[in-house]
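Shown here: upload.cif, mmCIF, C-alpha atoms, pLDDT in the B column; chains and numbers go by the auth columns.
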```
data_input
#
loop_
_atom_site.group_PDB
_atom_site.id
_atom_site.type_symbol
_atom_site.label_atom_id
_atom_site.label_comp_id
_atom_site.label_asym_id
_atom_site.label_seq_id
_atom_site.Cartn_x
_atom_site.Cartn_y
_atom_site.Cartn_z
_atom_site.B_iso_or_equiv
_atom_site.auth_seq_id
_atom_site.auth_asym_id
ATOM 1 C CA MET A 1 -36.533 -19.492 48.845 57.00 1 C
ATOM 2 C CA ARG A 2 -33.126 -18.164 49.792 59.00 2 C
ATOM 3 C CA MET A 3 -31.646 -19.557 46.596 58.00 3 C
ATOM 4 C CA LYS A 4 -34.334 -17.827 44.525 54.00 4 C
ATOM 5 C CA LYS A 5 -33.673 -14.512 46.277 54.00 5 C
ATOM 6 C CA LEU A 6 -29.940 -14.944 45.741 50.00 6 C
ATOM 7 C CA LYS A 7 -30.438 -15.654 42.034 54.00 7 C
ATOM 8 C CA LEU A 8 -32.747 -12.643 41.721 51.00 8 C
ATOM 9 C CA ALA A 9 -30.154 -10.425 43.393 50.00 9 C
ATOM 10 C CA LEU A 10 -27.392 -11.709 41.127 50.00 10 C
ATOM 11 C CA ILE A 11 -29.527 -10.935 38.067 56.00 11 C
ATOM 12 C CA SER A 12 -30.761 -7.522 39.248 53.00 12 C
ATOM 13 C CA TRP A 13 -27.366 -6.025 40.202 55.00 13 C
ATOM 14 C CA PRO A 14 -25.844 -6.248 36.708 56.00 14 C
ATOM 15 C CA LEU A 15 -29.046 -4.747 35.274 53.00 15 C
ATOM 16 C CA LEU A 16 -28.886 -1.830 37.704 52.00 16 C
ATOM 17 C CA PHE A 17 -25.250 -1.273 36.744 51.00 17 C
ATOM 18 C CA VAL A 18 -26.115 -1.235 33.020 48.00 18 C
ATOM 19 C CA PHE A 19 -28.983 1.212 33.554 48.00 19 C
ATOM 20 C CA SER A 20 -26.771 3.509 35.637 49.00 20 C
ATOM 21 C CA CYS A 21 -24.166 3.544 32.847 51.00 21 C
ATOM 22 C CA LEU A 22 -26.831 4.371 30.289 47.00 22 C
ATOM 23 C CA THR A 23 -28.006 7.245 32.458 44.00 23 C
ATOM 24 C CA ILE A 24 -24.487 8.653 32.615 46.00 24 C
ATOM 25 C CA ASN A 25 -24.006 8.385 28.854 48.00 25 C
ATOM 26 C CA ILE A 26 -27.316 10.095 28.099 63.00 26 C
ATOM 27 C CA TYR A 27 -26.175 13.298 29.854 83.00 27 C
ATOM 28 C CA PHE A 28 -24.833 15.910 27.448 94.00 28 C
ATOM 29 C CA PRO A 29 -23.659 19.374 28.646 95.00 29 C
ATOM 30 C CA GLU A 30 -25.126 21.228 25.670 95.00 30 C
ATOM 31 C CA ALA A 31 -24.769 24.757 27.081 96.00 31 C
ATOM 32 C CA ALA A 32 -21.122 24.178 28.007 96.00 32 C
ATOM 33 C CA VAL A 33 -20.325 22.678 24.600 97.00 33 C
ATOM 34 C CA GLN A 34 -22.089 25.585 22.870 97.00 34 C
ATOM 35 C CA LYS A 35 -20.028 28.122 24.839 97.00 35 C
ATOM 36 C CA THR A 36 -16.785 26.239 24.187 97.00 36 C
ATOM 37 C CA ALA A 37 -17.537 25.883 20.469 97.00 37 C
ATOM 38 C CA GLU A 38 -18.370 29.604 20.175 97.00 38 C
ATOM 39 C CA GLU A 39 -15.046 30.545 21.764 96.00 39 C
ATOM 40 C CA ILE A 40 -13.099 28.154 19.514 97.00 40 C
ATOM 41 C CA VAL A 41 -14.772 29.210 16.268 97.00 41 C
ATOM 42 C CA ASP A 42 -14.391 32.865 17.220 96.00 42 C
ATOM 43 C CA GLU A 43 -10.668 32.404 17.832 96.00 43 C
ATOM 44 C CA ILE A 44 -10.109 30.415 14.637 96.00 44 C
ATOM 45 C CA ARG A 45 -11.877 33.046 12.549 93.00 45 C
ATOM 46 C CA LYS A 46 -10.393 36.012 14.426 87.00 46 C
ATOM 47 C CA THR A 47 -8.402 37.177 11.371 65.00 47 C
ATOM 48 C CA ASP A 48 -11.665 37.439 9.462 66.00 48 C
ATOM 49 C CA LYS A 49 -13.288 39.331 12.305 54.00 49 C
ATOM 50 C CA LYS A 50 -10.311 41.685 12.534 52.00 50 C
ATOM 51 C CA ASP A 51 -10.844 42.658 8.887 52.00 51 C
ATOM 52 C CA LYS A 52 -14.486 43.471 9.636 49.00 52 C
ATOM 53 C CA GLU A 53 -13.512 45.408 12.748 49.00 53 C
ATOM 54 C CA LYS A 54 -11.029 47.519 10.787 47.00 54 C
ATOM 55 C CA LYS A 55 -13.739 48.543 8.330 46.00 55 C
ATOM 56 C CA ASP A 56 -16.078 49.429 11.169 46.00 56 C
ATOM 57 C CA THR A 57 -13.328 51.298 12.993 45.00 57 C
ATOM 58 C CA ILE A 58 -12.745 53.656 10.042 42.00 58 C
ATOM 59 C CA SER A 59 -16.311 54.968 10.261 45.00 59 C
ATOM 60 C CA GLN A 60 -16.541 54.867 14.067 52.00 60 C
ATOM 61 C CA GLU A 61 -13.098 56.149 15.065 49.00 61 C
ATOM 62 C CA ASP A 62 -14.329 59.195 16.999 47.00 62 C
ATOM 63 C CA GLU A 63 -16.849 57.155 18.960 48.00 63 C
ATOM 64 C CA ILE A 64 -14.217 54.638 19.970 44.00 64 C
ATOM 65 C CA LYS A 65 -11.865 57.370 21.169 45.00 65 C
ATOM 66 C CA LYS A 66 -14.603 58.863 23.343 43.00 66 C
ATOM 67 C CA SER A 67 -15.473 55.556 24.965 46.00 67 C
ATOM 68 C CA SER A 68 -11.915 54.250 25.383 45.00 68 C
ATOM 69 C CA LEU A 69 -11.370 55.799 28.825 37.00 69 C
ATOM 70 C CA SER A 70 -14.584 54.385 30.256 40.00 70 C
ATOM 71 C CA GLN A 71 -13.813 50.957 28.796 45.00 71 C
ATOM 72 C CA ARG A 72 -10.364 50.946 30.398 42.00 72 C
ATOM 73 C CA SER A 73 -11.731 51.953 33.803 38.00 73 C
ATOM 74 C CA ALA A 74 -14.439 49.265 33.578 39.00 74 C
ATOM 75 C CA PHE A 75 -11.827 46.661 32.715 37.00 75 C
ATOM 76 C CA LEU A 76 -9.662 47.638 35.680 36.00 76 C
ATOM 77 C CA LEU A 77 -12.613 47.202 38.044 38.00 77 C
ATOM 78 C CA VAL A 78 -13.139 43.536 37.089 38.00 78 C
ATOM 79 C CA PRO A 79 -9.744 41.979 36.278 38.00 79 C
ATOM 80 C CA SER A 80 -10.375 38.947 38.479 37.00 80 C
ATOM 81 C CA ALA A 81 -13.714 38.206 36.757 38.00 81 C
ATOM 82 C CA TYR A 82 -12.015 38.366 33.363 32.00 82 C
ATOM 83 C CA ALA A 83 -9.229 36.052 34.509 34.00 83 C
ATOM 84 C CA GLN A 84 -11.780 33.610 35.900 38.00 84 C
ATOM 85 C CA GLN A 85 -13.680 33.599 32.596 37.00 85 C
ATOM 86 C CA ARG A 86 -10.457 32.790 30.708 38.00 86 C
ATOM 87 C CA GLU A 87 -9.671 29.961 33.119 39.00 87 C
ATOM 88 C CA GLU A 88 -13.072 28.389 32.522 53.00 88 C
ATOM 89 C CA GLN A 89 -12.405 27.993 28.814 68.00 89 C
ATOM 90 C CA VAL A 90 -11.774 24.435 27.642 89.00 90 C
ATOM 91 C CA SER A 91 -8.190 24.255 26.461 91.00 91 C
ATOM 92 C CA THR A 92 -5.505 21.601 26.120 96.00 92 C
ATOM 93 C CA PRO A 93 -2.196 21.595 24.205 97.00 93 C
ATOM 94 C CA LYS A 94 -3.828 19.555 21.415 97.00 94 C
ATOM 95 C CA ILE A 95 -6.837 21.875 21.165 97.00 95 C
ATOM 96 C CA ARG A 96 -4.553 24.921 21.049 97.00 96 C
ATOM 97 C CA ALA A 97 -2.443 23.333 18.303 98.00 97 C
ATOM 98 C CA LEU A 98 -5.559 22.479 16.276 98.00 98 C
ATOM 99 C CA LYS A 99 -6.967 25.997 16.681 97.00 99 C
ATOM 100 C CA LYS A 100 -3.696 27.443 15.394 97.00 100 C
ATOM 101 C CA SER A 101 -3.621 25.063 12.431 98.00 101 C
ATOM 102 C CA LEU A 102 -7.234 25.857 11.515 98.00 102 C
ATOM 103 C CA GLY A 103 -6.692 29.586 12.001 97.00 103 C
ATOM 104 C CA ASP A 104 -3.561 29.619 9.839 97.00 104 C
ATOM 105 C CA ARG A 105 -5.368 27.743 7.063 98.00 105 C
ATOM 106 C CA PHE A 106 -8.476 29.915 6.958 98.00 106 C
ATOM 107 C CA PRO A 107 -6.977 32.772 4.870 97.00 107 C
ATOM 108 C CA LYS A 108 -6.059 30.166 2.221 97.00 108 C
ATOM 109 C CA LEU A 109 -9.584 28.727 2.234 98.00 109 C
ATOM 110 C CA ARG A 110 -11.383 32.054 2.153 97.00 110 C
ATOM 111 C CA PRO A 111 -10.846 32.767 -1.599 96.00 111 C
ATOM 112 C CA PHE A 112 -12.374 29.365 -2.394 97.00 112 C
ATOM 113 C CA PHE A 113 -15.355 30.160 -0.145 98.00 113 C
ATOM 114 C CA ASP A 114 -15.732 33.510 -1.911 97.00 114 C
ATOM 115 C CA LYS A 115 -15.692 31.888 -5.364 96.00 115 C
ATOM 116 C CA GLY A 116 -18.161 29.181 -4.335 97.00 116 C
ATOM 117 C CA ASN A 117 -15.736 26.295 -4.783 98.00 117 C
ATOM 118 C CA ILE A 118 -16.345 25.052 -1.247 98.00 118 C
ATOM 119 C CA GLY A 119 -19.144 25.281 1.297 98.00 119 C
ATOM 120 C CA GLU A 120 -19.954 24.585 4.935 98.00 120 C
ATOM 121 C CA SER A 121 -21.808 21.290 5.335 98.00 121 C
ATOM 122 C CA ASN A 122 -24.389 20.539 8.012 98.00 122 C
ATOM 123 C CA ASP A 123 -22.135 17.957 9.685 97.00 123 C
ATOM 124 C CA GLY A 124 -19.320 20.300 10.700 98.00 124 C
ATOM 125 C CA PHE A 125 -17.020 19.799 7.724 98.00 125 C
ATOM 126 C CA ILE A 126 -16.347 21.609 4.441 98.00 126 C
ATOM 127 C CA ARG A 127 -17.111 20.159 1.034 98.00 127 C
ATOM 128 C CA VAL A 128 -15.847 20.843 -2.484 98.00 128 C
ATOM 129 C CA ARG A 129 -18.836 22.020 -4.529 96.00 129 C
ATOM 130 C CA ASN A 130 -17.189 22.747 -7.870 95.00 130 C
ATOM 131 C CA GLU A 131 -13.774 23.362 -9.394 96.00 131 C
ATOM 132 C CA THR A 132 -14.956 25.557 -12.261 91.00 132 C
ATOM 133 C CA GLY A 133 -12.334 27.999 -13.496 90.00 133 C
ATOM 134 C CA LEU A 134 -9.526 26.506 -11.417 96.00 134 C
ATOM 135 C CA ALA A 135 -6.193 25.527 -12.936 96.00 135 C
ATOM 136 C CA LEU A 136 -4.801 22.048 -12.225 96.00 136 C
ATOM 137 C CA ARG A 137 -2.478 23.398 -9.548 96.00 137 C
ATOM 138 C CA GLU A 138 -5.360 25.254 -7.860 96.00 138 C
ATOM 139 C CA LYS A 139 -7.510 22.117 -7.906 97.00 139 C
ATOM 140 C CA ALA A 140 -4.766 20.113 -6.222 97.00 140 C
ATOM 141 C CA SER A 141 -4.240 22.871 -3.659 97.00 141 C
ATOM 142 C CA LEU A 142 -7.977 23.060 -2.942 98.00 142 C
ATOM 143 C CA ARG A 143 -8.316 19.314 -2.430 98.00 143 C
ATOM 144 C CA ASN A 144 -5.352 19.229 -0.056 98.00 144 C
ATOM 145 C CA LEU A 145 -6.679 22.194 1.916 98.00 145 C
ATOM 146 C CA VAL A 146 -10.116 20.582 2.284 98.00 146 C
ATOM 147 C CA LYS A 147 -8.564 17.263 3.309 98.00 147 C
ATOM 148 C CA ASP A 148 -6.344 18.901 5.948 98.00 148 C
ATOM 149 C CA GLU A 149 -9.169 21.135 7.191 98.00 149 C
ATOM 150 C CA ASN A 150 -11.570 18.259 7.693 98.00 150 C
ATOM 151 C CA LYS A 151 -8.933 16.164 9.448 98.00 151 C
ATOM 152 C CA ASP A 152 -8.215 19.009 11.870 98.00 152 C
ATOM 153 C CA ARG A 153 -11.923 19.578 12.484 98.00 153 C
ATOM 154 C CA LYS A 154 -12.494 15.877 13.155 98.00 154 C
ATOM 155 C CA ASP A 155 -9.575 15.827 15.590 98.00 155 C
ATOM 156 C CA LEU A 156 -10.848 19.025 17.228 98.00 156 C
ATOM 157 C CA TYR A 157 -14.294 17.536 17.902 97.00 157 C
ATOM 158 C CA ALA A 158 -12.652 14.450 19.389 97.00 158 C
ATOM 159 C CA GLU A 159 -10.335 16.513 21.603 97.00 159 C
ATOM 160 C CA VAL A 160 -13.218 18.676 22.848 97.00 160 C
ATOM 161 C CA ALA A 161 -15.080 15.491 23.783 96.00 161 C
ATOM 162 C CA VAL A 162 -12.052 14.186 25.688 96.00 162 C
ATOM 163 C CA ALA A 163 -11.405 17.512 27.438 96.00 163 C
ATOM 164 C CA MET A 164 -15.043 17.813 28.518 96.00 164 C
ATOM 165 C CA GLU A 165 -15.288 14.107 29.436 95.00 165 C
ATOM 166 C CA ILE A 166 -18.072 13.480 26.936 95.00 166 C
ATOM 167 C CA ALA A 167 -18.653 9.935 25.707 94.00 167 C
ATOM 168 C CA SER A 168 -17.472 9.204 22.160 88.00 168 C
ATOM 169 C CA LYS A 169 -21.050 8.234 21.248 91.00 169 C
ATOM 170 C CA GLN A 170 -22.033 11.871 21.806 94.00 170 C
ATOM 171 C CA ARG A 171 -19.397 13.234 19.407 93.00 171 C
ATOM 172 C CA SER A 172 -21.921 13.702 16.609 95.00 172 C
ATOM 173 C CA ARG A 173 -23.767 16.194 18.842 97.00 173 C
ATOM 174 C CA ILE A 174 -20.565 18.173 19.285 97.00 174 C
ATOM 175 C CA GLN A 175 -20.144 18.200 15.491 97.00 175 C
ATOM 176 C CA LYS A 176 -23.694 19.492 15.041 97.00 176 C
ATOM 177 C CA ILE A 177 -23.096 22.383 17.415 98.00 177 C
ATOM 178 C CA PHE A 178 -19.887 23.304 15.618 98.00 178 C
ATOM 179 C CA ALA A 179 -21.619 22.917 12.242 98.00 179 C
ATOM 180 C CA GLY A 180 -24.234 25.470 13.236 98.00 180 C
ATOM 181 C CA LEU A 181 -21.527 27.920 14.287 98.00 181 C
ATOM 182 C CA TRP A 182 -19.429 27.457 11.133 98.00 182 C
ATOM 183 C CA ILE A 183 -22.567 28.144 9.077 98.00 183 C
ATOM 184 C CA GLN A 184 -23.526 31.087 11.263 97.00 184 C
ATOM 185 C CA ASP A 185 -20.040 32.532 10.753 96.00 185 C
ATOM 186 C CA ALA A 186 -20.196 32.109 6.946 97.00 186 C
ATOM 187 C CA HIS A 187 -20.301 35.259 4.837 97.00 187 C
ATOM 188 C CA SER A 188 -23.193 36.320 2.657 97.00 188 C
ATOM 189 C CA GLY A 189 -22.834 34.543 -0.686 97.00 189 C
ATOM 190 C CA TRP A 190 -20.993 31.516 0.712 98.00 190 C
ATOM 191 C CA TRP A 191 -22.497 28.080 0.167 98.00 191 C
ATOM 192 C CA ILE A 192 -24.056 26.417 3.211 98.00 192 C
ATOM 193 C CA GLN A 193 -25.926 23.143 3.608 98.00 193 C
ATOM 194 C CA GLU A 194 -29.342 23.124 5.229 97.00 194 C
ATOM 195 C CA GLU A 195 -30.592 20.351 7.517 95.00 195 C
ATOM 196 C CA SER A 196 -32.501 18.894 4.566 96.00 196 C
ATOM 197 C CA GLY A 197 -29.195 18.421 2.731 96.00 197 C
ATOM 198 C CA GLU A 198 -29.930 21.157 0.196 97.00 198 C
ATOM 199 C CA TRP A 199 -27.109 23.569 -0.630 98.00 199 C
ATOM 200 C CA ILE A 200 -27.954 27.268 -0.735 98.00 200 C
ATOM 201 C CA LYS A 201 -26.078 30.540 -0.844 97.00 201 C
ATOM 202 C CA LYS A 202 -26.195 32.323 2.487 97.00 202 C
ATOM 203 C CA LYS A 203 -28.163 35.562 2.296 93.00 203 C
#
```
Can you turn what I pasted into structure tokens?
Amino acid sequence: MRMKKLKLALISWPLLFVFSCLTINIYFPEAAVQKTAEEIVDEIRKTDKKDKEKKDTISQEDEIKKSSLSQRSAFLLVPSAYAQQREEQVSTPKIRALKKSLGDRFPKLRPFFDKGNIGESNDGFIRVRNETGLALREKASLRNLVKDENKDRKDLYAEVAVAMEIASKQRSRIQKIFAGLWIQDAHSGWWIQEESGEWIKKK
């Protein structure tokens, strides 16, 4: 009887260990990843947002001047909260380098987005849709830009996973979250890919 109990214990312990590992791997901090991805995409596309802000500022200049004093006083009241929020952001030297690379490349990609040569896919990468009207040199430039962009995005998703201690098996979920944000950030008239795989122009 003792031998049977011993054998049962030897069999059950490895199974419990496997199940505990599976439980750990199933966990995915979706809200935290969403927040991190929003901050990263926002920073990468900040040059684009600055252009929009400048246009808005021209028509709202007086309103901004009136509210500037109250905004400054409000900021001074909560400097520690702001600093804490910045500290909570996921950031490593590799992530910062990738954000800079992606941000520097975006102005070069934007004309191709505008002309419909490239689009945002539903897996977090960009795709060449057509090369109509492009000279040979432009085609080569476009292909290189897309290749470099997708490599940086792939590395970014991997680095976010490492920084947030997320299992590599969950990386596709990180990509999906980023994909939704890239598409959300796309301009009207840019090509985006729906979940069904169909390509449409964003309204």
Grab all the atoms of stretch 181-197 of chain C that the file lists, wrap them in a box along x, y and z, add 8 Å per side, and give me centre plus edge lengths in Å (one decimal) as JSON.
```
{"center_x": -26.0, "center_y": 27.4, "center_z": 6.8, "size_x": 29.1, "size_y": 33.9, "size_z": 31.0}
```
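Residues captured in this structure file are Phe112, Phe113, Gly116, Asn117, Ile118, Glu120, Ser121, Phe125, Ile126, Arg127, Val128, Arg129, Ile183, Ala186, Trp190, Trp191, Ile192, Gln193, Trp199 and Lys201 of chain C, according to the PyMOL selection byres ((chain C and resi 119) around 9).
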- request: List the residues matched by the PyMOL selection byres ((chain C and resi 160-166) around 8) in the displayed structure as JSON, numbers by chain, ordered by chain and then by residue number.
  value: {"C": [28, 90, 91, 92, 95, 156, 157, 158, 159, 167, 168, 170, 171, 174]}
- prompt: Quick one: distance from atom CA of C:Asn150 to atom CA of C:Asn122 in Å, one decimal?
  reply: 13.0 Å
- request: Please indicate the distance in Å from atom CA of C:Thr36 to atom CA of C:Leu181, rounded to one decimal place.
  value: 11.1 Å
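For C:Ala31, the set of protein, DNA and RNA residues having any atom at most 12 Å away, when counting all atoms listed in the file and skipping those fewer than 6 positions along the same chain, is Ala37, Glu38, Arg173, Ile174 and Ile177 of chain C.
Taking atom CA of C:Asp114 and atom CA of C:Val33 as the two end points, the separation is 29.0 Å.
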field: Evaluate the PyMOL selection byres ((chain C and resi 107) around 12) and report residues as a PyMOL selection string
entry: chain C and resi 44-49+51+101-106+108-114+145
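Excluding C:Val41 and any residue on its chain fewer than 6 positions from it, the residues at most 9 Å away by all atoms listed in the file are C:Lys99, C:Phe178, C:Leu181, C:Trp182, C:Asp185.
Among the candidate residues C:Leu98, C:Glu30, C:Gly124, C:Glu195, the one lying nearest to C:Asp152 is C:Leu98, with distances computed using all atoms listed in the file.
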